[in-house]
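Asker: So that we are looking at the same thing, I have put the structure below in structure tokens.
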Amino acid sequence: MKTVLSDDDVIDCLRGENSLLDGQIKKIEIDGENDGVKIYVHIHMRRNSDYESAVVEFIDCEEYCFSFSSDFYFYCIESLKFFKTDGGMFYVSFDPFDAGDQICNEDKDVILSRSIAARVTQRSRV
């Protein structure tokens with residue numbers, strides 16, 4: 001079963017055991033043809049999550065920056081910042097410089113957007 005979430009509900013849902021931390025990014029899509037830039041991040045969730053996978057959509061992006069090196073695996077989420085800023089924007093860094101809910105210029109692999117949505121697929125438990 002798939003569940004669709006938006007804005008604050010995405011942040012609330014993808015916390016604790018259902019955090020994106022320890023997940024693996026499978027694909028990043030950037031759509032700039034319509035009004036504003038949208039980024040879709042496809043993630044295989046961590047083992048103990050209630051969800052098998054998630055597609056997080058960053059809508060009306062203000063900023064994004066990604067880098068890749070073949071010296072590293074693509075793309076295990078070993079550290080993470082994912083929060084709503086005081087200004088009402090949504091921020092994620094998949095390679096943060098430090099911990100906490102503050103934007104840092106040294107953060108890497110970042111997205112800053114006006115809105116977010118997510119489609120999560122429930123993990124089948126047998």
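Every chain in the structure tokens takes a letter, A first, then B, and so on in the order presented; its residues are numbered from 1, and the ligands are numbered from 1 following the presented order.
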Mind the document's chain letters and residue numbers, and return as a ChimeraX atom specification the residues of chain A that DSSP labels strand (DSSP E).
Answerer: /A:2-6,24-31,38-44,51-65,81-84,90-95,108-122
Asker: A:Lys38: which residues within 6 Å, counting only C-alpha atoms, same-chain residues fewer than 2 positions away excluded, as a list in words?
Answerer: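 The filter keeps Ile30, Asp31, Phe58, Ile59 and Asp60 of chain A.
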Asker: Taking only C-alpha atoms into account, which of A:Ala117, A:Cys13, A:Leu20, A:Cys61 comes nearest A:Asp35?
Answerer: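 Residue with the minimum atom-to-atom distance to A:Asp35: A:Cys61.
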Asker: For A:Ser49, which of A:Asp95, A:Asp7, A:Ile103, A:Asp22 is the closest residue, counting only C-alpha atoms?
Answerer: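 Of the candidates, the smallest distance to A:Ser49 is held by A:Asp22.
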Asker: Quick one: residues within 10 Å of stretch 111-115 of chain A, only C-alpha atoms counted, chain neighbours fewer than 6 positions away excluded, as a list in words?
Answerer: Ser6, Asp7, Asp8, Val37, Lys38, Ile39, Glu57, Phe58, Ile59, Asp60, Cys61, Glu62, Glu63, Tyr64, Cys65, Phe66, Phe82, Phe83, Lys84, Thr85, Gly87, Gly88, Met89, Phe90, Tyr91, Val92, Ser93, Phe94 and Ile103 of chain A
Asker: Residues as selected, N, CA and C atoms, written as a short mmCIF file (atom, residue, chain, number, x, y, z; two decimals), in the first residue's frame, can you do that?
Answerer:
```cif
data_model
loop_
_atom_site.label_atom_id
_atom_site.label_comp_id
_atom_site.auth_asym_id
_atom_site.auth_seq_id
_atom_site.Cartn_x
_atom_site.Cartn_y
_atom_site.Cartn_z
N SER A 6 2.18 15.23 2.63
CA SER A 6 2.68 16.52 2.17
C SER A 6 3.19 17.36 3.33
N ASP A 7 4.17 18.19 3.02
CA ASP A 7 4.77 19.20 3.88
C ASP A 7 5.09 18.66 5.28
N ASP A 8 4.52 19.24 6.33
CA ASP A 8 4.88 18.87 7.70
C ASP A 8 4.65 17.38 7.98
N VAL A 37 11.34 24.29 -10.17
CA VAL A 37 12.13 23.07 -10.21
C VAL A 37 11.61 22.10 -9.16
N LYS A 38 11.42 20.84 -9.57
CA LYS A 38 11.05 19.75 -8.66
C LYS A 38 12.17 18.73 -8.68
N ILE A 39 12.45 18.17 -7.51
CA ILE A 39 13.45 17.11 -7.39
C ILE A 39 12.78 15.91 -6.72
N GLU A 57 9.46 14.20 -2.86
CA GLU A 57 9.39 15.21 -3.92
C GLU A 57 9.59 16.58 -3.29
N PHE A 58 10.61 17.27 -3.74
CA PHE A 58 10.89 18.63 -3.29
C PHE A 58 10.34 19.57 -4.35
N ILE A 59 9.37 20.38 -3.97
CA ILE A 59 8.58 21.17 -4.91
C ILE A 59 8.97 22.64 -4.80
N ASP A 60 9.09 23.28 -5.95
CA ASP A 60 9.44 24.71 -6.01
C ASP A 60 10.77 24.96 -5.29
N CYS A 61 11.80 24.30 -5.80
CA CYS A 61 13.13 24.35 -5.18
C CYS A 61 13.76 25.73 -5.34
N GLU A 62 14.36 26.20 -4.28
CA GLU A 62 15.11 27.44 -4.27
C GLU A 62 16.59 27.18 -4.54
N GLU A 63 17.06 26.01 -4.11
CA GLU A 63 18.48 25.69 -4.23
C GLU A 63 18.66 24.18 -4.18
N TYR A 64 19.61 23.68 -4.94
CA TYR A 64 20.06 22.30 -4.78
C TYR A 64 21.50 22.19 -5.22
N CYS A 65 22.20 21.22 -4.64
CA CYS A 65 23.59 20.98 -5.00
C CYS A 65 23.92 19.54 -4.64
N PHE A 66 24.38 18.77 -5.62
CA PHE A 66 24.78 17.39 -5.41
C PHE A 66 26.18 17.19 -5.97
N PHE A 82 17.15 17.01 8.01
CA PHE A 82 15.88 17.05 7.29
C PHE A 82 14.88 17.78 8.19
N PHE A 83 14.57 19.04 7.85
CA PHE A 83 13.74 19.85 8.74
C PHE A 83 13.08 20.99 7.98
N LYS A 84 12.12 21.63 8.67
CA LYS A 84 11.47 22.84 8.18
C LYS A 84 12.18 24.01 8.83
N THR A 85 12.59 24.99 8.03
CA THR A 85 13.31 26.16 8.54
C THR A 85 12.34 27.12 9.22
N GLY A 87 11.83 30.01 8.36
CA GLY A 87 11.17 30.74 7.29
C GLY A 87 10.14 29.92 6.53
N GLY A 88 9.88 28.67 6.97
CA GLY A 88 8.86 27.84 6.35
C GLY A 88 9.33 27.03 5.15
N MET A 89 10.64 27.03 4.87
CA MET A 89 11.19 26.24 3.77
C MET A 89 11.54 24.84 4.29
N PHE A 90 11.70 23.88 3.37
CA PHE A 90 12.08 22.52 3.74
C PHE A 90 13.52 22.29 3.28
N TYR A 91 14.34 21.74 4.17
CA TYR A 91 15.77 21.60 3.93
C TYR A 91 16.20 20.17 4.19
N VAL A 92 17.00 19.64 3.28
CA VAL A 92 17.63 18.34 3.51
C VAL A 92 19.09 18.44 3.09
N SER A 93 19.95 17.82 3.88
CA SER A 93 21.34 17.60 3.51
C SER A 93 21.62 16.13 3.74
N PHE A 94 22.04 15.43 2.68
CA PHE A 94 22.38 14.02 2.78
C PHE A 94 23.84 13.82 3.18
N ILE A 103 20.84 25.40 8.86
CA ILE A 103 21.51 25.35 7.57
C ILE A 103 22.96 25.77 7.77
#
```
Asker: Would you pick out the contacts of A:Met45 at 7 Å or less, using only C-alpha atoms, so that residues sharing its chain but fewer than 4 positions from it are not included, and give the list as number ranges by chain?
Answerer: A: 20, 23-24, 49, 51-54
Asker: What would the file look like if the residues just selected were written as a PDB file, in the first residue's frame with N, CA and C atoms?
Answerer:
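Writing done, so here's out.pdb:
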```pdb
ATOM      1  N   LEU A  20      15.016   8.620   7.111  1.00  0.00           N
ATOM      2  CA  LEU A  20      15.755   8.333   5.879  1.00  0.00           C
ATOM      3  C   LEU A  20      17.185   7.884   6.177  1.00  0.00           C
ATOM      4  N   GLY A  23      19.137   4.703   4.994  1.00  0.00           N
ATOM      5  CA  GLY A  23      18.509   4.267   3.748  1.00  0.00           C
ATOM      6  C   GLY A  23      19.505   4.407   2.605  1.00  0.00           C
ATOM      7  N   GLN A  24      19.046   4.080   1.399  1.00  0.00           N
ATOM      8  CA  GLN A  24      19.921   4.181   0.232  1.00  0.00           C
ATOM      9  C   GLN A  24      19.186   4.900  -0.893  1.00  0.00           C
ATOM     10  N   SER A  49      12.513   0.086   9.217  1.00  0.00           N
ATOM     11  CA  SER A  49      11.451   1.041   8.911  1.00  0.00           C
ATOM     12  C   SER A  49      10.146   0.308   8.626  1.00  0.00           C
ATOM     13  N   TYR A  51       8.422   1.219   6.275  1.00  0.00           N
ATOM     14  CA  TYR A  51       8.277   1.420   4.832  1.00  0.00           C
ATOM     15  C   TYR A  51       9.405   0.738   4.069  1.00  0.00           C
ATOM     16  N   GLU A  52       9.057   0.185   2.929  1.00  0.00           N
ATOM     17  CA  GLU A  52      10.035  -0.433   2.033  1.00  0.00           C
ATOM     18  C   GLU A  52      10.794   0.638   1.251  1.00  0.00           C
ATOM     19  N   SER A  53      10.022   1.635   0.773  1.00  0.00           N
ATOM     20  CA  SER A  53      10.626   2.678  -0.048  1.00  0.00           C
ATOM     21  C   SER A  53       9.860   3.981   0.105  1.00  0.00           C
ATOM     22  N   ALA A  54      10.512   5.047  -0.325  1.00  0.00           N
ATOM     23  CA  ALA A  54       9.890   6.373  -0.316  1.00  0.00           C
ATOM     24  C   ALA A  54      10.390   7.149  -1.521  1.00  0.00           C
TER      25      ALA A  54
END
```
Asker: Which of these, A:Val120, A:Ser79, A:His42, A:Gln102, has the shortest distance to A:Ile25 once you count only C-alpha atoms?
Answerer: A:His42
Asker: Could you work out how far atom CA of A:Cys76 lies from atom CA of A:Lys26, giving the answer in Å with one decimal?
Answerer: 9.2 Å
Asker: Grab the atom CA of A:Asp86 to atom CA of A:Gly32 distance for me, in Å with one decimal place.
Answerer: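 Between atom CA of A:Asp86 and atom CA of A:Gly32 the gap works out to 26.1 Å.
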Asker: Could you tell me how far atom CA of A:Leu14 lies from atom CA of A:Ser70, in Å and to one decimal?
Answerer: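 Atom-to-atom, atom CA of A:Leu14 to atom CA of A:Ser70, that is 28.4 Å.
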Asker: For the structure I just gave you, how does DSSP split chain A - specifically, which residues are helix (DSSP H, G or I)? Reply as a list in words.
Answerer: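 Assigned to helix (DSSP H, G or I), within chain A: Asp8, Asp9, Val10, Ile11, Asp12, Cys13, Gly16, Glu17 and Asn18 of chain A.
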Asker: Next, dump the selected residues to file, keeping only N, CA and C atoms, as a compact mmCIF listing (two decimals), in the first residue's frame.
Answerer:
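Saved the output as result.txt:
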```txt
# COMPACT_ATOMS: atom_id res chain seq x y z
N ASP A 8 4.52 19.24 6.33
CA ASP A 8 4.88 18.87 7.70
C ASP A 8 4.65 17.38 7.98
N ASP A 9 3.63 16.78 7.34
CA ASP A 9 3.36 15.36 7.55
C ASP A 9 4.52 14.49 7.07
N VAL A 10 5.24 14.94 6.04
CA VAL A 10 6.41 14.20 5.55
C VAL A 10 7.49 14.18 6.63
N ILE A 11 7.78 15.36 7.18
CA ILE A 11 8.79 15.47 8.23
C ILE A 11 8.41 14.58 9.42
N ASP A 12 7.14 14.65 9.84
CA ASP A 12 6.67 13.86 10.98
C ASP A 12 6.75 12.36 10.72
N CYS A 13 6.38 11.95 9.52
CA CYS A 13 6.36 10.52 9.18
C CYS A 13 7.76 9.93 9.07
N GLY A 16 12.43 9.01 13.50
CA GLY A 16 12.59 7.82 14.34
C GLY A 16 12.94 6.60 13.51
N GLU A 17 12.24 5.50 13.75
CA GLU A 17 12.53 4.25 13.02
C GLU A 17 12.30 4.40 11.52
N ASN A 18 11.48 5.37 11.12
CA ASN A 18 11.18 5.57 9.70
C ASN A 18 12.03 6.68 9.07
```
